[in-house]
Amino acid sequence: MCRWLAYAGEPLQPSLVILDAQHSLVAQSLDSPLGAETVNGDGFGFGWYPVGSEQGSLPSIFHSVEPAWNDENLREITDAVESPLFFSHVRAAAGPPIQRTNCHPFRYLNWLFMHNGVIHGFHELKRDLTFAVDRSLYPHIQGTTDSEVLFHLALTFGLLDDPIAGMRKAVQFVEEIGRARGVDHPMQGTIALADGATIWAFRYSSEGRSRTLFHSVDIPTLQEMYPDVPRLKLFGQRARVVVSEPLNDLPGAFLEVPESTVAILGTEGYHYEPFMARAVPA
């Protein structure tokens, strides 16, 4: 339904990957070979933690209902700022209206969240899912998307204390409610979550056929593999991205995240953990 990118590492001008990469996120918004929709032009969002942010600092966000390729402010902002951790998302609306409050990433305190996918049958499940959101969190839901409800369910189920457990409980609840209402495969998608220091990237679907998700190989390895590619010299040694689709055609530059897995990107690089019991395709 959408495409997204998450970066962590040395402070970087976000435009280097959002706009200027061979297959940048903006290029993917026009032509997404691996996506469920080829064009993702129903708005976009950019969220970033400023350089020097302390643990727990509020990230900045910018949303627009313009197509990403048609909004000059995206270039202005991503050229002007530097950030050690940022998210960007391009949207293909699948029912909920095109409005700024429906653009990702979503923010709560120091947390950012974005989703590529869908809760199938959301119109039938919406009442049960939204009423399960904690009363104190409910006023923070500003839009009408299934993704924002999923984020607030995860917050309700303890995301702030344990991001993986909170997200797992939220997805399990979606599946429980969905199947009780006759939806065989309620959950689909990839999810990115960050607290300002760590990125959690989830790949999961109820039917075991999830949206694509990749992460980059570390820069020292890439520079050794491709010493004659000048662009690689623009990135610091800790620079890494998690993406819906690879940003270039260099063989071996991106690795696919397995199904039913969370890839965790911290100061020491990536490691994987199982997310949910692996779904078996029907």
# chains A, B, ... in the order shown; residues from 1 in each chain; ligands from 1
$ select_by_dssp --residues "segment 13-168 of chain A" --states "alpha helix (DSSP H)" --output "ChimeraX atom specification"
/A:15-18,25-30,72-80,122-131,146-156,163-168
$ residues_around --residues "Gln142 of chain A" --least-positions-apart "6" --cutoff "12 Å" --atoms "only C-alpha atoms" --output "number ranges by chain"
A: 99-104, 106-108, 148-149, 152
$ write_last_selection --atoms "C-alpha atoms" --output "short mmCIF file (atom, residue, chain, number, x, y, z; two decimals), in the first residue's frame"
data_model
loop_
_atom_site.label_atom_id
_atom_site.label_comp_id
_atom_site.auth_asym_id
_atom_site.auth_seq_id
_atom_site.Cartn_x
_atom_site.Cartn_y
_atom_site.Cartn_z
CA GLN A 99 -5.47 14.12 4.36
CA ARG A 100 -2.44 15.17 6.38
CA THR A 101 -3.55 13.38 9.54
CA ASN A 102 -3.49 10.11 7.57
CA CYS A 103 0.13 10.54 6.45
CA HIS A 104 2.88 8.56 8.14
CA PHE A 106 2.86 8.90 13.28
CA ARG A 107 4.35 10.29 16.48
CA TYR A 108 3.74 9.72 20.17
CA GLU A 148 -2.66 4.75 13.33
CA VAL A 149 -5.06 2.52 15.26
CA HIS A 152 -2.11 3.05 19.47
#
$ closest_residue --among "A:Ala154, A:Ala170, A:Leu109, A:Ala6" --to "Gln55 of chain A" --atoms "only C-alpha atoms"
A:Leu109
$ closest_atom_pairs --of "segment 2-25 of chain A" --to "segment 185-205 of chain A" --cutoff "10 Å" --atoms "only C-alpha atoms" --output "Markdown table"
| residue | atom | partner | partner_atom | distance |
| --- | --- | --- | --- | --- |
| A:Cys2 | CA | A:Gly189 | CA | 9.6 |
| A:Arg3 | CA | A:Thr190 | CA | 9.5 |
| A:Trp4 | CA | A:Ala192 | CA | 8.4 |
| A:Leu5 | CA | A:Ala192 | CA | 8.5 |
| A:Ala6 | CA | A:Ala192 | CA | 7.4 |
| A:Tyr7 | CA | A:Ile199 | CA | 8.4 |
| A:Ala8 | CA | A:Ile199 | CA | 7.7 |
| A:Gly9 | CA | A:Ala197 | CA | 9.7 |
$ residues_around --residues "Leu247 of chain A" --least-positions-apart "3" --cutoff "9 Å" --atoms "only C-alpha atoms" --output "list of chain:residue names"
A:Val17, A:Ala21, A:Gln22, A:His23, A:Ser24, A:Leu25, A:Ser216, A:Val243, A:Leu250, A:Ala253, A:Phe254
$ write_last_selection --atoms "N, CA, C and O atoms" --output "compact mmCIF listing (two decimals), in the first residue's frame"
# COMPACT_ATOMS: atom_id res chain seq x y z
N VAL A 17 19.33 9.99 0.50
CA VAL A 17 18.67 8.69 0.28
C VAL A 17 17.20 8.84 -0.11
O VAL A 17 16.68 8.02 -0.86
N ALA A 21 19.15 8.91 -4.25
CA ALA A 21 19.61 7.55 -4.53
C ALA A 21 19.08 7.09 -5.88
O ALA A 21 18.10 7.63 -6.41
N GLN A 22 19.73 6.07 -6.45
CA GLN A 22 19.33 5.54 -7.75
C GLN A 22 17.84 5.18 -7.77
O GLN A 22 17.12 5.54 -8.70
N HIS A 23 17.41 4.43 -6.77
CA HIS A 23 15.99 4.09 -6.63
C HIS A 23 15.49 4.69 -5.31
O HIS A 23 15.10 3.98 -4.38
N SER A 24 15.54 6.01 -5.23
CA SER A 24 15.18 6.72 -4.01
C SER A 24 13.72 6.49 -3.66
O SER A 24 12.92 5.98 -4.46
N LEU A 25 13.35 6.89 -2.44
CA LEU A 25 11.96 6.75 -2.02
C LEU A 25 11.04 7.56 -2.92
O LEU A 25 9.93 7.11 -3.25
N SER A 216 20.28 -2.46 4.35
CA SER A 216 21.56 -2.32 3.67
C SER A 216 22.64 -3.11 4.39
O SER A 216 22.58 -3.36 5.60
N VAL A 243 14.48 -0.51 4.24
CA VAL A 243 13.69 0.03 3.15
C VAL A 243 12.70 -1.00 2.63
O VAL A 243 12.90 -2.21 2.75
N LEU A 250 23.24 -2.40 -6.91
CA LEU A 250 24.52 -3.04 -6.60
C LEU A 250 24.26 -4.43 -6.01
O LEU A 250 23.64 -4.54 -4.95
N ALA A 253 24.18 -5.39 -1.99
CA ALA A 253 24.12 -4.19 -1.16
C ALA A 253 22.96 -4.22 -0.16
O ALA A 253 23.02 -3.56 0.88
N PHE A 254 21.91 -5.00 -0.48
CA PHE A 254 20.75 -5.08 0.40
C PHE A 254 20.39 -6.53 0.64
O PHE A 254 20.48 -7.37 -0.25
$ closest_residue --among "A:Arg91, A:Arg75, A:Arg179, A:Arg135" --to "Ile119 of chain A" --atoms "only C-alpha atoms"
A:Arg179
$ residues_around --residues "Gly178 of chain A" --least-positions-apart "2" --cutoff "12 Å" --atoms "only C-alpha atoms" --output "mmCIF file with all heavy atoms, in the first residue's frame"
data_model
loop_
_atom_site.group_PDB
_atom_site.id
_atom_site.type_symbol
_atom_site.label_atom_id
_atom_site.label_comp_id
_atom_site.auth_asym_id
_atom_site.auth_seq_id
_atom_site.Cartn_x
_atom_site.Cartn_y
_atom_site.Cartn_z
ATOM 1 N N ILE A 119 -4.800 -3.616 7.460
ATOM 2 C CA ILE A 119 -5.616 -4.521 8.264
ATOM 3 C C ILE A 119 -6.837 -4.839 7.417
ATOM 4 O O ILE A 119 -7.702 -3.983 7.185
ATOM 5 C CB ILE A 119 -6.033 -3.883 9.599
ATOM 6 C CG1 ILE A 119 -4.807 -3.610 10.463
ATOM 7 C CG2 ILE A 119 -7.013 -4.799 10.343
ATOM 8 C CD1 ILE A 119 -5.122 -2.902 11.771
ATOM 9 N N HIS A 120 -6.895 -6.046 6.903
ATOM 10 C CA HIS A 120 -8.004 -6.429 6.035
ATOM 11 C C HIS A 120 -9.320 -6.402 6.829
ATOM 12 O O HIS A 120 -9.371 -6.810 7.986
ATOM 13 C CB HIS A 120 -7.769 -7.823 5.461
ATOM 14 C CG HIS A 120 -6.631 -7.883 4.495
ATOM 15 N ND1 HIS A 120 -6.660 -7.282 3.262
ATOM 16 C CD2 HIS A 120 -5.406 -8.471 4.594
ATOM 17 C CE1 HIS A 120 -5.528 -7.497 2.639
ATOM 18 N NE2 HIS A 120 -4.744 -8.211 3.423
ATOM 19 N N GLY A 121 -10.358 -5.905 6.177
ATOM 20 C CA GLY A 121 -11.658 -5.823 6.829
ATOM 21 C C GLY A 121 -11.728 -4.752 7.898
ATOM 22 O O GLY A 121 -12.570 -4.842 8.803
ATOM 23 N N PHE A 122 -10.874 -3.717 7.781
ATOM 24 C CA PHE A 122 -10.794 -2.718 8.852
ATOM 25 C C PHE A 122 -12.135 -2.038 9.109
ATOM 26 O O PHE A 122 -12.463 -1.728 10.259
ATOM 27 C CB PHE A 122 -9.728 -1.675 8.511
ATOM 28 C CG PHE A 122 -9.547 -0.616 9.568
ATOM 29 C CD1 PHE A 122 -9.122 -0.948 10.843
ATOM 30 C CD2 PHE A 122 -9.821 0.717 9.285
ATOM 31 C CE1 PHE A 122 -8.952 0.021 11.823
ATOM 32 C CE2 PHE A 122 -9.659 1.694 10.257
ATOM 33 C CZ PHE A 122 -9.218 1.347 11.525
ATOM 34 N N HIS A 123 -12.918 -1.803 8.075
ATOM 35 C CA HIS A 123 -14.210 -1.123 8.283
ATOM 36 C C HIS A 123 -15.110 -1.937 9.212
ATOM 37 O O HIS A 123 -15.833 -1.366 10.034
ATOM 38 C CB HIS A 123 -14.911 -0.894 6.936
ATOM 39 C CG HIS A 123 -14.256 0.159 6.096
ATOM 40 N ND1 HIS A 123 -14.112 1.461 6.508
ATOM 41 C CD2 HIS A 123 -13.691 0.089 4.867
ATOM 42 C CE1 HIS A 123 -13.498 2.155 5.579
ATOM 43 N NE2 HIS A 123 -13.223 1.349 4.572
ATOM 44 N N GLU A 124 -15.034 -3.269 9.110
ATOM 45 C CA GLU A 124 -15.835 -4.122 9.982
ATOM 46 C C GLU A 124 -15.216 -4.262 11.376
ATOM 47 O O GLU A 124 -15.921 -4.501 12.358
ATOM 48 C CB GLU A 124 -15.996 -5.512 9.363
ATOM 49 C CG GLU A 124 -16.877 -5.569 8.114
ATOM 50 C CD GLU A 124 -16.226 -4.955 6.894
ATOM 51 O OE1 GLU A 124 -14.979 -5.046 6.780
ATOM 52 O OE2 GLU A 124 -16.943 -4.381 6.056
ATOM 53 N N LEU A 125 -13.898 -4.125 11.460
ATOM 54 C CA LEU A 125 -13.192 -4.334 12.728
ATOM 55 C C LEU A 125 -12.933 -3.040 13.487
ATOM 56 O O LEU A 125 -12.549 -3.079 14.665
ATOM 57 C CB LEU A 125 -11.839 -5.017 12.449
ATOM 58 C CG LEU A 125 -11.821 -6.258 11.566
ATOM 59 C CD1 LEU A 125 -10.393 -6.793 11.446
ATOM 60 C CD2 LEU A 125 -12.760 -7.310 12.091
ATOM 61 N N LYS A 126 -13.138 -1.908 12.836
ATOM 62 C CA LYS A 126 -12.689 -0.626 13.379
ATOM 63 C C LYS A 126 -13.234 -0.344 14.777
ATOM 64 O O LYS A 126 -12.500 0.093 15.663
ATOM 65 C CB LYS A 126 -13.086 0.496 12.413
ATOM 66 C CG LYS A 126 -12.590 1.874 12.835
ATOM 67 C CD LYS A 126 -12.953 2.918 11.781
ATOM 68 C CE LYS A 126 -12.460 4.292 12.202
ATOM 69 N NZ LYS A 126 -12.814 5.321 11.175
ATOM 70 N N ARG A 127 -14.503 -0.600 14.986
ATOM 71 C CA ARG A 127 -15.094 -0.283 16.293
ATOM 72 C C ARG A 127 -14.426 -1.087 17.393
ATOM 73 O O ARG A 127 -14.037 -0.535 18.438
ATOM 74 C CB ARG A 127 -16.605 -0.545 16.284
ATOM 75 C CG ARG A 127 -17.289 -0.180 17.602
ATOM 76 C CD ARG A 127 -18.788 -0.487 17.549
ATOM 77 N NE ARG A 127 -19.461 -0.047 18.753
ATOM 78 C CZ ARG A 127 -19.482 -0.720 19.908
ATOM 79 N NH1 ARG A 127 -18.837 -1.889 20.003
ATOM 80 N NH2 ARG A 127 -20.135 -0.232 20.948
ATOM 81 N N ASP A 128 -14.279 -2.399 17.192
ATOM 82 C CA ASP A 128 -13.670 -3.232 18.220
ATOM 83 C C ASP A 128 -12.215 -2.843 18.468
ATOM 84 O O ASP A 128 -11.748 -2.846 19.618
ATOM 85 C CB ASP A 128 -13.723 -4.707 17.804
ATOM 86 C CG ASP A 128 -15.142 -5.268 17.845
ATOM 87 O OD1 ASP A 128 -15.942 -4.792 18.672
ATOM 88 O OD2 ASP A 128 -15.443 -6.161 17.048
ATOM 89 N N LEU A 129 -11.498 -2.515 17.408
ATOM 90 C CA LEU A 129 -10.075 -2.185 17.560
ATOM 91 C C LEU A 129 -9.884 -0.838 18.239
ATOM 92 O O LEU A 129 -9.068 -0.711 19.166
ATOM 93 C CB LEU A 129 -9.386 -2.196 16.192
ATOM 94 C CG LEU A 129 -9.364 -3.538 15.451
ATOM 95 C CD1 LEU A 129 -8.625 -3.406 14.124
ATOM 96 C CD2 LEU A 129 -8.727 -4.632 16.301
ATOM 97 N N VAL A 171 -0.745 -7.078 17.202
ATOM 98 C CA VAL A 171 -1.020 -7.871 16.007
ATOM 99 C C VAL A 171 -1.863 -9.095 16.364
ATOM 100 O O VAL A 171 -2.809 -9.453 15.646
ATOM 101 C CB VAL A 171 0.295 -8.277 15.315
ATOM 102 C CG1 VAL A 171 0.034 -9.298 14.203
ATOM 103 C CG2 VAL A 171 0.986 -7.048 14.738
ATOM 104 N N GLN A 172 -1.548 -9.735 17.482
ATOM 105 C CA GLN A 172 -2.350 -10.883 17.913
ATOM 106 C C GLN A 172 -3.795 -10.472 18.171
ATOM 107 O O GLN A 172 -4.737 -11.215 17.837
ATOM 108 C CB GLN A 172 -1.735 -11.502 19.172
ATOM 109 C CG GLN A 172 -0.439 -12.250 18.913
ATOM 110 C CD GLN A 172 0.250 -12.688 20.200
ATOM 111 O OE1 GLN A 172 0.065 -12.080 21.261
ATOM 112 N NE2 GLN A 172 1.064 -13.739 20.112
ATOM 113 N N PHE A 173 -3.988 -9.287 18.736
ATOM 114 C CA PHE A 173 -5.345 -8.806 19.001
ATOM 115 C C PHE A 173 -6.086 -8.538 17.684
ATOM 116 O O PHE A 173 -7.270 -8.897 17.537
ATOM 117 C CB PHE A 173 -5.293 -7.528 19.849
ATOM 118 C CG PHE A 173 -6.635 -6.990 20.228
ATOM 119 C CD1 PHE A 173 -7.404 -7.611 21.203
ATOM 120 C CD2 PHE A 173 -7.142 -5.867 19.598
ATOM 121 C CE1 PHE A 173 -8.654 -7.117 21.553
ATOM 122 C CE2 PHE A 173 -8.389 -5.361 19.936
ATOM 123 C CZ PHE A 173 -9.142 -5.999 20.915
ATOM 124 N N VAL A 174 -5.399 -7.929 16.722
ATOM 125 C CA VAL A 174 -6.003 -7.700 15.405
ATOM 126 C C VAL A 174 -6.430 -9.028 14.783
ATOM 127 O O VAL A 174 -7.535 -9.156 14.241
ATOM 128 C CB VAL A 174 -5.015 -6.957 14.483
ATOM 129 C CG1 VAL A 174 -5.506 -6.974 13.038
ATOM 130 C CG2 VAL A 174 -4.828 -5.518 14.951
ATOM 131 N N GLU A 175 -5.566 -10.032 14.874
ATOM 132 C CA GLU A 175 -5.898 -11.335 14.295
ATOM 133 C C GLU A 175 -7.065 -11.999 15.030
ATOM 134 O O GLU A 175 -7.948 -12.598 14.403
ATOM 135 C CB GLU A 175 -4.661 -12.234 14.301
ATOM 136 C CG GLU A 175 -3.581 -11.751 13.336
ATOM 137 C CD GLU A 175 -2.422 -12.708 13.202
ATOM 138 O OE1 GLU A 175 -1.992 -13.262 14.243
ATOM 139 O OE2 GLU A 175 -1.935 -12.893 12.083
ATOM 140 N N GLU A 176 -7.078 -11.874 16.335
ATOM 141 C CA GLU A 176 -8.164 -12.460 17.126
ATOM 142 C C GLU A 176 -9.504 -11.835 16.753
ATOM 143 O O GLU A 176 -10.493 -12.538 16.508
ATOM 144 C CB GLU A 176 -7.869 -12.261 18.609
ATOM 145 C CG GLU A 176 -8.971 -12.722 19.537
ATOM 146 C CD GLU A 176 -8.678 -12.361 20.991
ATOM 147 O OE1 GLU A 176 -7.497 -12.183 21.349
ATOM 148 O OE2 GLU A 176 -9.649 -12.235 21.761
ATOM 149 N N ALA A 180 -12.533 -13.592 14.441
ATOM 150 C CA ALA A 180 -13.851 -13.706 15.054
ATOM 151 C C ALA A 180 -14.936 -13.074 14.181
ATOM 152 O O ALA A 180 -16.120 -13.430 14.291
ATOM 153 C CB ALA A 180 -13.847 -13.037 16.432
ATOM 154 N N ARG A 181 -14.525 -12.149 13.301
ATOM 155 C CA ARG A 181 -15.485 -11.489 12.404
ATOM 156 C C ARG A 181 -15.430 -12.073 10.989
ATOM 157 O O ARG A 181 -15.958 -11.482 10.056
ATOM 158 C CB ARG A 181 -15.192 -9.978 12.354
ATOM 159 C CG ARG A 181 -15.284 -9.263 13.693
ATOM 160 C CD ARG A 181 -16.721 -9.189 14.192
ATOM 161 N NE ARG A 181 -16.803 -8.453 15.451
ATOM 162 C CZ ARG A 181 -16.688 -9.001 16.658
ATOM 163 N NH1 ARG A 181 -16.496 -10.311 16.763
ATOM 164 N NH2 ARG A 181 -16.763 -8.265 17.746
ATOM 165 N N GLY A 182 -14.741 -13.198 10.829
ATOM 166 C CA GLY A 182 -14.732 -13.868 9.538
ATOM 167 C C GLY A 182 -13.653 -13.423 8.578
ATOM 168 O O GLY A 182 -13.709 -13.758 7.384
ATOM 169 N N VAL A 183 -12.653 -12.683 9.058
ATOM 170 C CA VAL A 183 -11.526 -12.261 8.207
ATOM 171 C C VAL A 183 -10.397 -13.263 8.411
ATOM 172 O O VAL A 183 -9.801 -13.329 9.493
ATOM 173 C CB VAL A 183 -11.054 -10.834 8.564
ATOM 174 C CG1 VAL A 183 -9.902 -10.410 7.654
ATOM 175 C CG2 VAL A 183 -12.215 -9.847 8.469
ATOM 176 N N ASP A 184 -10.088 -14.029 7.379
ATOM 177 C CA ASP A 184 -9.126 -15.120 7.527
ATOM 178 C C ASP A 184 -7.692 -14.638 7.749
ATOM 179 O O ASP A 184 -6.945 -15.223 8.535
ATOM 180 C CB ASP A 184 -9.152 -16.019 6.279
ATOM 181 C CG ASP A 184 -10.455 -16.796 6.166
ATOM 182 O OD1 ASP A 184 -11.077 -17.057 7.214
ATOM 183 O OD2 ASP A 184 -10.850 -17.120 5.038
ATOM 184 N N HIS A 185 -7.301 -13.587 7.053
ATOM 185 C CA HIS A 185 -5.917 -13.098 7.127
ATOM 186 C C HIS A 185 -5.932 -11.595 7.429
ATOM 187 O O HIS A 185 -5.726 -10.767 6.542
ATOM 188 C CB HIS A 185 -5.180 -13.375 5.817
ATOM 189 C CG HIS A 185 -5.189 -14.818 5.408
ATOM 190 N ND1 HIS A 185 -4.641 -15.813 6.176
ATOM 191 C CD2 HIS A 185 -5.681 -15.421 4.301
ATOM 192 C CE1 HIS A 185 -4.786 -16.982 5.572
ATOM 193 N NE2 HIS A 185 -5.417 -16.770 4.439
ATOM 194 N N PRO A 186 -6.148 -11.220 8.680
ATOM 195 C CA PRO A 186 -6.379 -9.800 8.990
ATOM 196 C C PRO A 186 -5.154 -8.895 8.801
ATOM 197 O O PRO A 186 -5.305 -7.744 8.398
ATOM 198 C CB PRO A 186 -6.796 -9.829 10.471
ATOM 199 C CG PRO A 186 -7.170 -11.241 10.758
ATOM 200 C CD PRO A 186 -6.337 -12.088 9.847
ATOM 201 N N MET A 187 -3.960 -9.395 9.103
ATOM 202 C CA MET A 187 -2.792 -8.518 9.196
ATOM 203 C C MET A 187 -1.872 -8.682 8.005
ATOM 204 O O MET A 187 -1.535 -9.795 7.610
ATOM 205 C CB MET A 187 -2.022 -8.826 10.488
ATOM 206 C CG MET A 187 -0.818 -7.931 10.722
ATOM 207 S SD MET A 187 -1.306 -6.207 10.961
ATOM 208 C CE MET A 187 0.251 -5.382 10.671
ATOM 209 N N SER A 206 -0.548 -12.301 8.222
ATOM 210 C CA SER A 206 -1.271 -13.468 8.714
ATOM 211 C C SER A 206 -1.164 -14.651 7.762
ATOM 212 O O SER A 206 -1.205 -15.810 8.188
ATOM 213 C CB SER A 206 -2.749 -13.121 8.926
ATOM 214 O OG SER A 206 -2.901 -12.041 9.824
#
$ select_by_dssp --residues "segment 103-157 of chain A" --states "strand (DSSP E)" --output "MDAnalysis selection string"
chainID A and resid 106:108 111:119
$ closest_residue --among "A:Pro139, A:Pro84, A:Gly166, A:Pro59" --to "Phe46 of chain A" --atoms "only C-alpha atoms"
A:Pro59
$ closest_residue --among "A:Ile177, A:Ala165, A:Met225, A:Val242" --to "Leu265 of chain A" --atoms "only C-alpha atoms"
A:Val242
$ residues_around --residues "Asn73 of chain A" --least-positions-apart "3" --cutoff "12 Å" --atoms "only C-alpha atoms" --output "list in words"
Ser15, Phe44, Gly45, Phe46, Phe62, His63, Ser64, Glu66, Pro67, Ala68, Trp69, Asn70, Glu76, Ile77, Thr78, Asp79 and Ala80 of chain A
